[in-house]
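Containing mmCIF, C-alpha atoms: protein21.cif.
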```
data_model
loop_
_atom_site.label_atom_id
_atom_site.label_comp_id
_atom_site.auth_asym_id
_atom_site.auth_seq_id
_atom_site.Cartn_x
_atom_site.Cartn_y
_atom_site.Cartn_z
CA MET A 147 -33.88 24.35 27.98
CA LEU A 148 -31.13 22.79 30.05
CA PRO A 149 -27.56 23.85 29.23
CA VAL A 150 -25.40 21.36 27.34
CA VAL A 151 -22.74 19.93 29.62
CA MET A 152 -19.64 18.48 27.95
CA ASP A 153 -18.31 15.22 29.37
CA LYS A 154 -14.75 16.00 30.45
CA GLN A 155 -13.82 12.33 30.27
CA TYR A 156 -14.92 12.07 26.65
CA PRO A 157 -14.46 15.46 25.01
CA ALA A 158 -15.63 16.16 21.49
CA PRO A 159 -13.27 15.00 18.71
CA LEU A 160 -10.82 17.58 17.47
CA ARG A 161 -11.99 18.97 14.16
CA LEU A 162 -10.35 20.90 11.34
CA ARG A 163 -12.06 24.08 12.44
CA ASP A 164 -10.40 23.75 15.86
CA LEU A 165 -6.93 24.10 14.34
CA ALA A 166 -5.16 27.42 13.92
CA VAL A 167 -6.21 29.11 10.69
CA ASN A 168 -2.78 28.79 9.08
CA GLU A 169 -2.74 25.06 9.91
CA ARG A 170 -6.08 24.22 8.36
CA PRO A 171 -5.81 22.21 5.14
CA GLN A 172 -8.99 23.80 3.77
CA GLU A 173 -7.47 27.27 4.09
CA ARG A 174 -4.35 26.18 2.23
CA LEU A 175 -6.49 24.35 -0.33
CA GLU A 176 -8.46 27.49 -1.11
CA LYS A 177 -5.35 29.64 -1.27
CA HIS A 178 -2.89 27.36 -3.10
CA GLY A 179 -4.95 24.57 -4.68
CA PRO A 180 -5.00 20.80 -3.99
CA GLY A 181 -1.44 20.30 -5.26
CA ALA A 182 -0.11 22.21 -2.26
CA LEU A 183 -1.58 19.72 0.23
CA SER A 184 0.34 16.71 1.50
CA ASP A 185 -1.17 13.22 1.40
CA THR A 186 -1.93 13.57 5.11
CA GLU A 187 -3.75 16.87 4.59
CA LEU A 188 -5.78 15.51 1.68
CA LEU A 189 -6.95 12.59 3.78
CA ALA A 190 -7.68 14.95 6.68
CA MET A 191 -10.06 16.84 4.40
CA LEU A 192 -12.06 13.63 4.03
CA LEU A 193 -11.88 12.56 7.69
CA ARG A 194 -12.85 16.04 8.96
CA SER A 195 -12.36 15.06 12.63
CA GLY A 196 -10.06 13.00 14.79
CA SER A 197 -10.61 11.17 18.06
CA LYS A 198 -10.40 12.29 21.68
CA ASP A 199 -6.74 11.26 21.64
CA LEU A 200 -5.67 12.31 18.16
CA ASP A 201 -6.28 15.45 16.14
CA VAL A 202 -7.41 14.88 12.59
CA LEU A 203 -3.97 15.41 11.03
CA SER A 204 -2.38 12.91 13.40
CA LEU A 205 -5.14 10.41 12.64
CA SER A 206 -4.61 10.92 8.89
CA SER A 207 -0.89 10.38 9.30
CA ARG A 208 -1.52 7.16 11.21
CA VAL A 209 -3.93 5.85 8.55
CA ILE A 210 -1.41 6.44 5.76
CA SER A 211 1.37 4.92 7.84
CA GLU A 212 -0.72 1.78 8.40
CA ALA A 213 -1.52 1.54 4.68
CA GLY A 214 2.07 2.18 3.62
CA SER A 215 1.04 5.01 1.29
CA LEU A 216 -2.00 6.91 0.10
CA ALA A 217 -2.27 4.47 -2.83
CA GLY A 218 -2.22 1.61 -0.35
CA LEU A 219 -5.65 2.69 0.87
CA LEU A 220 -7.10 1.35 -2.39
CA THR A 221 -6.66 -2.13 -0.95
CA TRP A 222 -8.52 -1.35 2.28
CA SER A 223 -12.01 -2.48 3.20
CA ASP A 224 -14.34 -0.72 5.62
CA SER A 225 -13.20 -3.09 8.39
CA ASP A 226 -9.60 -1.98 7.86
CA PHE A 227 -10.58 1.66 8.36
CA LYS A 228 -12.74 0.89 11.42
CA LYS A 229 -9.80 -0.76 13.19
CA LEU A 230 -8.38 2.71 13.78
CA LYS A 231 -9.83 4.65 16.68
CA GLY A 232 -11.59 7.75 15.41
CA ILE A 233 -13.05 6.10 12.28
CA GLY A 234 -16.56 4.78 12.74
CA ARG A 235 -18.97 2.97 10.45
CA VAL A 236 -20.21 5.99 8.49
CA LYS A 237 -16.76 7.49 8.00
CA ALA A 238 -15.38 4.09 6.92
CA LEU A 239 -18.15 3.72 4.33
CA GLN A 240 -17.45 7.22 3.01
CA LEU A 241 -13.76 6.40 2.64
CA ILE A 242 -14.27 3.12 0.78
CA THR A 243 -16.70 4.95 -1.52
CA VAL A 244 -13.93 7.42 -2.39
CA MET A 245 -11.48 4.55 -2.94
CA GLU A 246 -13.92 2.75 -5.24
CA MET A 247 -14.38 5.96 -7.25
CA ALA A 248 -10.60 6.24 -7.56
CA ARG A 249 -10.35 2.65 -8.83
CA ARG A 250 -13.04 3.24 -11.46
CA ILE A 251 -11.42 6.47 -12.64
CA LEU A 252 -8.07 4.70 -13.02
CA LEU A 253 -9.72 1.96 -15.07
CA ASP A 254 -11.58 4.43 -17.30
CA ASP A 255 -8.71 6.72 -18.29
CA LYS A 256 -9.61 7.38 -21.93
CA GLU A 257 -6.71 9.81 -22.46
CA ASN A 258 -4.13 7.20 -21.43
CA PRO A 259 -5.25 3.86 -22.92
CA PRO A 260 -3.81 0.79 -21.20
CA ASN A 261 -0.59 -0.70 -22.53
CA PHE A 262 -0.87 -4.46 -22.86
CA THR A 263 2.49 -5.03 -24.56
CA THR A 264 4.29 -5.64 -21.26
CA PRO A 265 3.35 -7.53 -18.09
CA GLU A 266 3.95 -4.32 -16.15
CA GLY A 267 1.30 -2.62 -18.28
CA VAL A 268 -1.12 -5.46 -17.56
CA PHE A 269 -0.37 -5.15 -13.85
CA LYS A 270 -0.97 -1.38 -13.86
CA TYR A 271 -4.33 -1.94 -15.56
CA PHE A 272 -5.51 -4.61 -13.13
CA ALA A 273 -4.01 -3.28 -9.88
CA PRO A 274 -6.92 -0.87 -9.16
CA LEU A 275 -9.43 -3.58 -10.10
CA ALA A 276 -7.83 -6.17 -7.81
CA ALA A 277 -7.21 -3.81 -4.91
CA GLY A 278 -9.02 -4.90 -1.77
CA LEU A 279 -10.42 -8.14 -3.22
CA GLU A 280 -10.60 -10.92 -0.65
CA VAL A 281 -11.24 -13.67 -3.22
CA GLU A 282 -9.48 -14.68 -6.41
CA LYS A 283 -10.95 -13.51 -9.69
CA PHE A 284 -9.89 -14.64 -13.15
CA TRP A 285 -10.13 -12.21 -16.06
CA VAL A 286 -9.58 -12.40 -19.80
CA LEU A 287 -8.66 -9.44 -21.99
CA CYS A 288 -9.89 -9.98 -25.54
CA LEU A 289 -7.65 -8.07 -27.97
CA ASN A 290 -7.76 -7.21 -31.67
CA ARG A 291 -4.87 -7.50 -34.14
CA LYS A 292 -3.32 -4.25 -32.83
CA ASN A 293 -3.47 -5.50 -29.24
CA HIS A 294 -6.23 -3.01 -28.42
CA LEU A 295 -8.82 -4.07 -25.90
CA ILE A 296 -12.11 -5.33 -27.28
CA LYS A 297 -13.59 -6.41 -23.99
CA ARG A 298 -12.58 -7.44 -20.46
CA ILE A 299 -14.30 -10.58 -19.24
CA GLU A 300 -14.54 -11.78 -15.65
CA VAL A 301 -14.49 -15.55 -16.07
CA THR A 302 -14.69 -16.71 -12.47
CA SER A 303 -14.84 -15.36 -8.94
CA GLY A 304 -13.62 -17.92 -6.44
CA THR A 305 -13.22 -18.43 -2.74
CA ALA A 306 -10.55 -16.87 -0.56
CA SER A 307 -8.21 -19.76 -1.38
CA ALA A 308 -8.92 -20.77 -4.96
CA SER A 309 -10.37 -19.65 -8.27
CA LEU A 310 -10.60 -22.19 -11.08
CA ALA A 311 -10.94 -21.40 -14.76
CA HIS A 312 -11.52 -23.88 -17.56
CA PRO A 313 -10.14 -23.22 -21.07
CA ARG A 314 -13.67 -23.55 -22.45
CA GLU A 315 -14.83 -20.62 -20.29
CA VAL A 316 -11.74 -18.57 -21.10
CA TYR A 317 -12.00 -18.88 -24.87
CA ARG A 318 -15.80 -18.89 -25.31
CA GLU A 319 -16.18 -15.10 -25.29
CA ALA A 320 -12.92 -14.56 -27.17
CA ILE A 321 -14.24 -16.70 -30.01
CA ARG A 322 -17.58 -14.88 -30.02
CA LEU A 323 -15.80 -11.51 -30.22
CA SER A 324 -13.43 -12.70 -32.94
CA ALA A 325 -10.46 -11.77 -30.78
CA SER A 326 -7.02 -12.21 -32.31
CA SER A 327 -5.36 -12.80 -28.96
CA ILE A 328 -6.03 -12.83 -25.24
CA ILE A 329 -4.25 -11.99 -22.01
CA CYS A 330 -5.32 -13.76 -18.84
CA ALA A 331 -4.94 -12.36 -15.36
CA HIS A 332 -5.95 -13.31 -11.86
CA ASN A 333 -5.27 -11.89 -8.44
CA HIS A 334 -3.78 -13.36 -5.29
CA PRO A 335 -5.59 -11.82 -2.30
CA SER A 336 -2.52 -12.44 -0.15
CA GLY A 337 -0.59 -9.95 -2.29
CA ASP A 338 2.17 -12.48 -3.10
CA PRO A 339 2.03 -13.13 -6.87
CA SER A 340 4.19 -16.25 -6.72
CA PRO A 341 2.47 -18.94 -8.84
CA SER A 342 0.97 -22.08 -7.34
CA SER A 343 0.97 -25.50 -8.96
CA ALA A 344 -2.69 -24.91 -9.91
CA ASP A 345 -1.72 -21.61 -11.60
CA LEU A 346 0.94 -23.40 -13.61
CA LYS A 347 -1.48 -26.18 -14.59
CA ILE A 348 -4.19 -23.84 -15.89
CA THR A 349 -1.62 -21.80 -17.81
CA ARG A 350 -0.35 -24.88 -19.62
CA LEU A 351 -3.93 -25.93 -20.41
CA LEU A 352 -4.66 -22.47 -21.83
CA ARG A 353 -1.46 -22.55 -23.88
CA ASP A 354 -2.39 -25.90 -25.41
CA ALA A 355 -6.00 -24.87 -26.06
CA ALA A 356 -4.81 -21.71 -27.85
CA LYS A 357 -3.35 -23.88 -30.61
CA THR A 358 -6.73 -25.53 -31.16
CA VAL A 359 -8.86 -22.38 -31.27
CA GLU A 360 -6.12 -20.37 -33.05
CA ILE A 361 -6.32 -17.48 -30.61
CA GLU A 362 -2.90 -16.62 -29.21
CA ILE A 363 -2.48 -16.25 -25.47
CA LEU A 364 0.05 -13.46 -25.02
CA ASP A 365 0.45 -13.76 -21.28
CA HIS A 366 -1.04 -14.86 -18.00
CA VAL A 367 -0.27 -12.36 -15.25
CA ILE A 368 -0.81 -12.89 -11.54
CA ILE A 369 -1.68 -9.65 -9.78
CA GLY A 370 -0.29 -9.07 -6.29
CA ARG A 371 1.14 -6.11 -4.40
CA PRO A 372 4.73 -4.83 -4.66
CA GLN A 373 5.13 -4.53 -0.90
CA ILE A 374 4.27 -8.24 -0.48
CA ASP A 375 6.01 -9.60 -3.58
CA PRO A 376 9.44 -11.08 -2.68
CA LEU A 377 10.75 -9.59 -5.93
CA GLY A 378 9.10 -6.21 -5.33
CA LYS A 379 7.29 -6.08 -8.71
CA GLY A 380 3.79 -6.91 -7.57
CA TYR A 381 3.09 -9.29 -10.45
CA TYR A 382 4.22 -12.56 -12.02
CA SER A 383 4.27 -13.09 -15.78
CA PHE A 384 4.11 -16.62 -17.22
CA ASN A 385 5.34 -15.22 -20.51
CA GLU A 386 8.45 -13.79 -18.86
CA SER A 387 8.98 -17.10 -17.06
CA GLY A 388 9.02 -19.00 -20.38
CA VAL A 389 5.85 -21.03 -19.86
CA LEU A 390 4.09 -19.31 -22.78
#
```

File written out as structure tokens:
Amino acid sequence: MLPVVMDKQYPAPLRLRDLAVNERPQERLEKHGPGALSDTELLAMLLRSGSKDLDVLSLSSRVISEAGSLAGLLTWSDSDFKKLKGIGRVKALQLITVMEMARRILLDDKENPPNFTTPEGVFKYFAPLAAGLEVEKFWVLCLNRKNHLIKRIEVTSGTASASLAHPREVYREAIRLSASSIICAHNHPSGDPSPSSADLKITRLLRDAAKTVEIEILDHVIIGRPQIDPLGKGYYSFNESGVL
């Protein structure tokens, strides 16, 4: 068998096992638990290796810096990860799988039921669901008399520039479920939750239709991202604005 010759121009990527023992996140994880690891070290545990130019911890730090925070990675697609040297197709797919798991866990937190009494609570519920979406989606939350969720309905999924919802589609399932009230929400893929003229039009139509079907619309919340929102909230509430 011929000996394996390493290409000096393209050396093997630096891996966690190449670091000094006291610098390895896995050693600190075993000794002190996951709470002792920084965001960079946690991500390094998933990446496992860096590139020929960056060790894995430096690559992790760069990824988080690009995303703005660890939570910001929830909005990333596989193409976003692959833009960074050292993250290939397989690693990118593994990372978006982890992010999707995180979104689903956040949405299925039985011990901390969602709070729909404030627009901020609506935003916190939908933020993981809207993270990374490249098209607009329009949802309806069907609520009982105590404002507890009966069912979440995805009414429409639109193009990258528009998502239309008709009052008939919004209220059909709410009527079938005997909902006492509804909350509508849709995302802006750009991250800026500022309402458009079309958003204002559909909200007024929904408000008027609510009187006919006798199902109150408590709010219509546009879901964006705080870092893009001019006001820094990450959402826009039509109830707060006085439209509803």

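With only C-alpha atoms as the atoms that count, the minimum distance from Lys297 (chain A) to the choices A:Val244, A:Lys357, A:Ile328, A:Leu275 is reached by A:Ile328.
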
Please evaluate the PyMOL selection byres ((chain A and resi 367) around 8) against the displayed coordinates and give the resulting residues as a count of residues only. 15

What does the distance between CA of Ala238 (chain A) and CA of Asp224 (chain A) come to in Å, to one decimal place?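 The value is 5.1 Å.
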
For the atom pair CA of Leu193 (chain A) and CA of Ile374 (chain A), what is the interatomic distance in Å to one decimal place? 27.6 Å

Going by the chain IDs and residue numbers used in this file, which residues fall under the PyMOL selection byres ((chain A and resi 337) around 12)? Write them as a ChimeraX atom specification. /A:218,221,273,276-282,332-336,338-341,368-382

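The coordinates place CA of Thr186 (chain A) at 5.4 Å from CA of Ser207 (chain A).
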
List, as a VMD selection string, every residue that the PyMOL selection byres ((chain A and resi 249) around 9) selects in the file provided. chain A and resid 220 244 to 248 250 to 254 273 to 275 277

Selected residue of minimal separation from Asp185 (chain A) among A:Val209, A:Gly267, A:Leu216, A:Val202, counting only C-alpha atoms: A:Leu216

With all atoms listed in the file as the basis for distance, which of A:Thr302, A:Ser197, A:Ser206, A:Ser324 is at the shortest distance from Pro171 (chain A)? A:Ser206

Select, from A:His312, A:Ala320, A:Lys177, A:Asn385, the residue with the minimum atom-to-atom distance to Leu352 (chain A), counting all atoms listed in the file. A:His312

Give the answer as one residue: which of A:Val316, A:Ser327, A:Ile361, A:Gln240 has the shortest atom-to-atom distance to Thr349 (chain A), using only C-alpha atoms?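 Distance minimum relative to Thr349 (chain A) lands on A:Val316.
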
With distances taken over all atoms listed in the file, the candidate from A:Ile296, A:Arg322, A:Trp285, A:Ala355 nearest Leu310 (chain A) is A:Trp285

Within 12 Å of (-2.6, 7.9, 11.6), in the coordinates the file gives, what residues turn up when you count all atoms listed in the file, written out as a ChimeraX atom specification? /A:185-187,189-190,193,196-197,199-216,227,229-233

At a cut-off of 9 Å from (-12.0, 17.6, 0.0) in the coordinates of the file, what residues are picked up using all atoms listed in the file, written as a PyMOL selection string? chain A and resi 172+175+180+188-192

Would you pick out the contacts of Leu295 (chain A) at 12 Å or less, using only C-alpha atoms, so that residues sharing its chain but fewer than 6 positions from it are not included, and give the list as a PDB file with C-alpha atoms, in the frame of the given file?
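What follows is the written file result32.pdb:
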```
ATOM      1  CA  PRO A 259      -5.250   3.860 -22.920  1.00  0.00           C
ATOM      2  CA  PRO A 260      -3.810   0.790 -21.200  1.00  0.00           C
ATOM      3  CA  ASN A 261      -0.590  -0.700 -22.530  1.00  0.00           C
ATOM      4  CA  PHE A 262      -0.870  -4.460 -22.860  1.00  0.00           C
ATOM      5  CA  THR A 263       2.490  -5.030 -24.560  1.00  0.00           C
ATOM      6  CA  VAL A 268      -1.120  -5.460 -17.560  1.00  0.00           C
ATOM      7  CA  TYR A 271      -4.330  -1.940 -15.560  1.00  0.00           C
ATOM      8  CA  VAL A 286      -9.580 -12.400 -19.800  1.00  0.00           C
ATOM      9  CA  LEU A 287      -8.660  -9.440 -21.990  1.00  0.00           C
ATOM     10  CA  CYS A 288      -9.890  -9.980 -25.540  1.00  0.00           C
ATOM     11  CA  LEU A 289      -7.650  -8.070 -27.970  1.00  0.00           C
ATOM     12  CA  ALA A 320     -12.920 -14.560 -27.170  1.00  0.00           C
ATOM     13  CA  LEU A 323     -15.800 -11.510 -30.220  1.00  0.00           C
ATOM     14  CA  ALA A 325     -10.460 -11.770 -30.780  1.00  0.00           C
ATOM     15  CA  SER A 326      -7.020 -12.210 -32.310  1.00  0.00           C
ATOM     16  CA  SER A 327      -5.360 -12.800 -28.960  1.00  0.00           C
ATOM     17  CA  ILE A 328      -6.030 -12.830 -25.240  1.00  0.00           C
ATOM     18  CA  ILE A 329      -4.250 -11.990 -22.010  1.00  0.00           C
TER      19      ILE A 329
END
```

For region 349-383 of chain A, supply N, CA and C atoms and format the output as a PDB file, keeping the file's coordinate frame.
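In the end it all went to result_31.pdb:
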```pdb
ATOM      1  N   THR A 349      -2.334 -22.530 -16.763  1.00  0.00           N
ATOM      2  CA  THR A 349      -1.620 -21.800 -17.810  1.00  0.00           C
ATOM      3  C   THR A 349      -1.200 -22.731 -18.931  1.00  0.00           C
ATOM      4  N   ARG A 350      -0.733 -23.898 -18.595  1.00  0.00           N
ATOM      5  CA  ARG A 350      -0.350 -24.880 -19.620  1.00  0.00           C
ATOM      6  C   ARG A 350      -1.558 -25.360 -20.407  1.00  0.00           C
ATOM      7  N   LEU A 351      -2.699 -25.538 -19.720  1.00  0.00           N
ATOM      8  CA  LEU A 351      -3.930 -25.930 -20.410  1.00  0.00           C
ATOM      9  C   LEU A 351      -4.375 -24.842 -21.385  1.00  0.00           C
ATOM     10  N   LEU A 352      -4.276 -23.591 -20.964  1.00  0.00           N
ATOM     11  CA  LEU A 352      -4.660 -22.470 -21.830  1.00  0.00           C
ATOM     12  C   LEU A 352      -3.724 -22.362 -23.026  1.00  0.00           C
ATOM     13  N   ARG A 353      -2.452 -22.592 -22.800  1.00  0.00           N
ATOM     14  CA  ARG A 353      -1.460 -22.550 -23.880  1.00  0.00           C
ATOM     15  C   ARG A 353      -1.770 -23.613 -24.923  1.00  0.00           C
ATOM     16  N   ASP A 354      -2.101 -24.812 -24.471  1.00  0.00           N
ATOM     17  CA  ASP A 354      -2.390 -25.900 -25.410  1.00  0.00           C
ATOM     18  C   ASP A 354      -3.709 -25.663 -26.143  1.00  0.00           C
ATOM     19  N   ALA A 355      -4.705 -25.131 -25.428  1.00  0.00           N
ATOM     20  CA  ALA A 355      -6.000 -24.870 -26.060  1.00  0.00           C
ATOM     21  C   ALA A 355      -5.901 -23.765 -27.099  1.00  0.00           C
ATOM     22  N   ALA A 356      -4.980 -22.825 -26.909  1.00  0.00           N
ATOM     23  CA  ALA A 356      -4.810 -21.710 -27.850  1.00  0.00           C
ATOM     24  C   ALA A 356      -4.468 -22.221 -29.248  1.00  0.00           C
ATOM     25  N   LYS A 357      -3.730 -23.315 -29.317  1.00  0.00           N
ATOM     26  CA  LYS A 357      -3.350 -23.880 -30.610  1.00  0.00           C
ATOM     27  C   LYS A 357      -4.568 -24.440 -31.342  1.00  0.00           C
ATOM     28  N   THR A 358      -5.531 -24.946 -30.562  1.00  0.00           N
ATOM     29  CA  THR A 358      -6.730 -25.530 -31.160  1.00  0.00           C
ATOM     30  C   THR A 358      -7.672 -24.457 -31.681  1.00  0.00           C
ATOM     31  N   VAL A 359      -7.902 -23.425 -30.888  1.00  0.00           N
ATOM     32  CA  VAL A 359      -8.860 -22.380 -31.270  1.00  0.00           C
ATOM     33  C   VAL A 359      -8.205 -21.295 -32.123  1.00  0.00           C
ATOM     34  N   GLU A 360      -6.895 -21.336 -32.257  1.00  0.00           N
ATOM     35  CA  GLU A 360      -6.120 -20.370 -33.050  1.00  0.00           C
ATOM     36  C   GLU A 360      -6.311 -18.937 -32.556  1.00  0.00           C
ATOM     37  N   ILE A 361      -6.326 -18.792 -31.253  1.00  0.00           N
ATOM     38  CA  ILE A 361      -6.320 -17.480 -30.610  1.00  0.00           C
ATOM     39  C   ILE A 361      -5.119 -17.453 -29.677  1.00  0.00           C
ATOM     40  N   GLU A 362      -4.149 -16.623 -29.966  1.00  0.00           N
ATOM     41  CA  GLU A 362      -2.900 -16.620 -29.210  1.00  0.00           C
ATOM     42  C   GLU A 362      -3.114 -16.102 -27.791  1.00  0.00           C
ATOM     43  N   ILE A 363      -2.504 -16.761 -26.833  1.00  0.00           N
ATOM     44  CA  ILE A 363      -2.480 -16.250 -25.470  1.00  0.00           C
ATOM     45  C   ILE A 363      -1.137 -15.572 -25.255  1.00  0.00           C
ATOM     46  N   LEU A 364      -1.180 -14.254 -25.112  1.00  0.00           N
ATOM     47  CA  LEU A 364       0.050 -13.460 -25.020  1.00  0.00           C
ATOM     48  C   LEU A 364       0.707 -13.559 -23.649  1.00  0.00           C
ATOM     49  N   ASP A 365      -0.119 -13.683 -22.618  1.00  0.00           N
ATOM     50  CA  ASP A 365       0.450 -13.760 -21.280  1.00  0.00           C
ATOM     51  C   ASP A 365      -0.636 -14.172 -20.293  1.00  0.00           C
ATOM     52  N   HIS A 366      -0.187 -14.643 -19.167  1.00  0.00           N
ATOM     53  CA  HIS A 366      -1.040 -14.860 -18.000  1.00  0.00           C
ATOM     54  C   HIS A 366      -0.306 -14.197 -16.851  1.00  0.00           C
ATOM     55  N   VAL A 367      -0.924 -13.170 -16.271  1.00  0.00           N
ATOM     56  CA  VAL A 367      -0.270 -12.360 -15.250  1.00  0.00           C
ATOM     57  C   VAL A 367      -0.997 -12.524 -13.925  1.00  0.00           C
ATOM     58  N   ILE A 368      -0.246 -12.820 -12.889  1.00  0.00           N
ATOM     59  CA  ILE A 368      -0.810 -12.890 -11.540  1.00  0.00           C
ATOM     60  C   ILE A 368      -0.617 -11.529 -10.884  1.00  0.00           C
ATOM     61  N   ILE A 369      -1.697 -10.980 -10.364  1.00  0.00           N
ATOM     62  CA  ILE A 369      -1.680  -9.650  -9.780  1.00  0.00           C
ATOM     63  C   ILE A 369      -1.551  -9.736  -8.265  1.00  0.00           C
ATOM     64  N   GLY A 370      -0.488  -9.136  -7.738  1.00  0.00           N
ATOM     65  CA  GLY A 370      -0.290  -9.070  -6.290  1.00  0.00           C
ATOM     66  C   GLY A 370      -0.058  -7.638  -5.873  1.00  0.00           C
ATOM     67  N   ARG A 371       0.783  -7.448  -4.859  1.00  0.00           N
ATOM     68  CA  ARG A 371       1.140  -6.110  -4.400  1.00  0.00           C
ATOM     69  C   ARG A 371       2.650  -6.026  -4.248  1.00  0.00           C
ATOM     70  N   PRO A 372       3.262  -4.947  -4.730  1.00  0.00           N
ATOM     71  CA  PRO A 372       4.730  -4.830  -4.660  1.00  0.00           C
ATOM     72  C   PRO A 372       5.296  -4.994  -3.266  1.00  0.00           C
ATOM     73  N   GLN A 373       4.595  -4.478  -2.258  1.00  0.00           N
ATOM     74  CA  GLN A 373       5.130  -4.530  -0.900  1.00  0.00           C
ATOM     75  C   GLN A 373       5.100  -5.943  -0.317  1.00  0.00           C
ATOM     76  N   ILE A 374       4.341  -6.853  -0.939  1.00  0.00           N
ATOM     77  CA  ILE A 374       4.270  -8.240  -0.480  1.00  0.00           C
ATOM     78  C   ILE A 374       5.106  -9.162  -1.362  1.00  0.00           C
ATOM     79  N   ASP A 375       5.263  -8.791  -2.621  1.00  0.00           N
ATOM     80  CA  ASP A 375       6.010  -9.600  -3.580  1.00  0.00           C
ATOM     81  C   ASP A 375       7.481  -9.703  -3.160  1.00  0.00           C
ATOM     82  N   PRO A 376       8.026 -10.925  -3.017  1.00  0.00           N
ATOM     83  CA  PRO A 376       9.440 -11.080  -2.680  1.00  0.00           C
ATOM     84  C   PRO A 376      10.375 -10.378  -3.653  1.00  0.00           C
ATOM     85  N   LEU A 377       9.931 -10.257  -4.920  1.00  0.00           N
ATOM     86  CA  LEU A 377      10.750  -9.590  -5.930  1.00  0.00           C
ATOM     87  C   LEU A 377      10.451  -8.096  -6.031  1.00  0.00           C
ATOM     88  N   GLY A 378       9.420  -7.630  -5.356  1.00  0.00           N
ATOM     89  CA  GLY A 378       9.100  -6.210  -5.330  1.00  0.00           C
ATOM     90  C   GLY A 378       8.364  -5.686  -6.541  1.00  0.00           C
ATOM     91  N   LYS A 379       7.980  -6.548  -7.490  1.00  0.00           N
ATOM     92  CA  LYS A 379       7.290  -6.080  -8.710  1.00  0.00           C
ATOM     93  C   LYS A 379       5.787  -5.984  -8.523  1.00  0.00           C
ATOM     94  N   GLY A 380       5.234  -6.903  -7.779  1.00  0.00           N
ATOM     95  CA  GLY A 380       3.790  -6.910  -7.570  1.00  0.00           C
ATOM     96  C   GLY A 380       3.048  -7.786  -8.550  1.00  0.00           C
ATOM     97  N   TYR A 381       3.740  -8.428  -9.463  1.00  0.00           N
ATOM     98  CA  TYR A 381       3.090  -9.290 -10.450  1.00  0.00           C
ATOM     99  C   TYR A 381       4.031 -10.426 -10.846  1.00  0.00           C
ATOM    100  N   TYR A 382       3.434 -11.457 -11.457  1.00  0.00           N
ATOM    101  CA  TYR A 382       4.220 -12.560 -12.020  1.00  0.00           C
ATOM    102  C   TYR A 382       3.719 -12.806 -13.422  1.00  0.00           C
ATOM    103  N   SER A 383       4.614 -12.890 -14.377  1.00  0.00           N
ATOM    104  CA  SER A 383       4.270 -13.090 -15.780  1.00  0.00           C
ATOM    105  C   SER A 383       4.710 -14.488 -16.217  1.00  0.00           C
TER     106      SER A 383
END
```
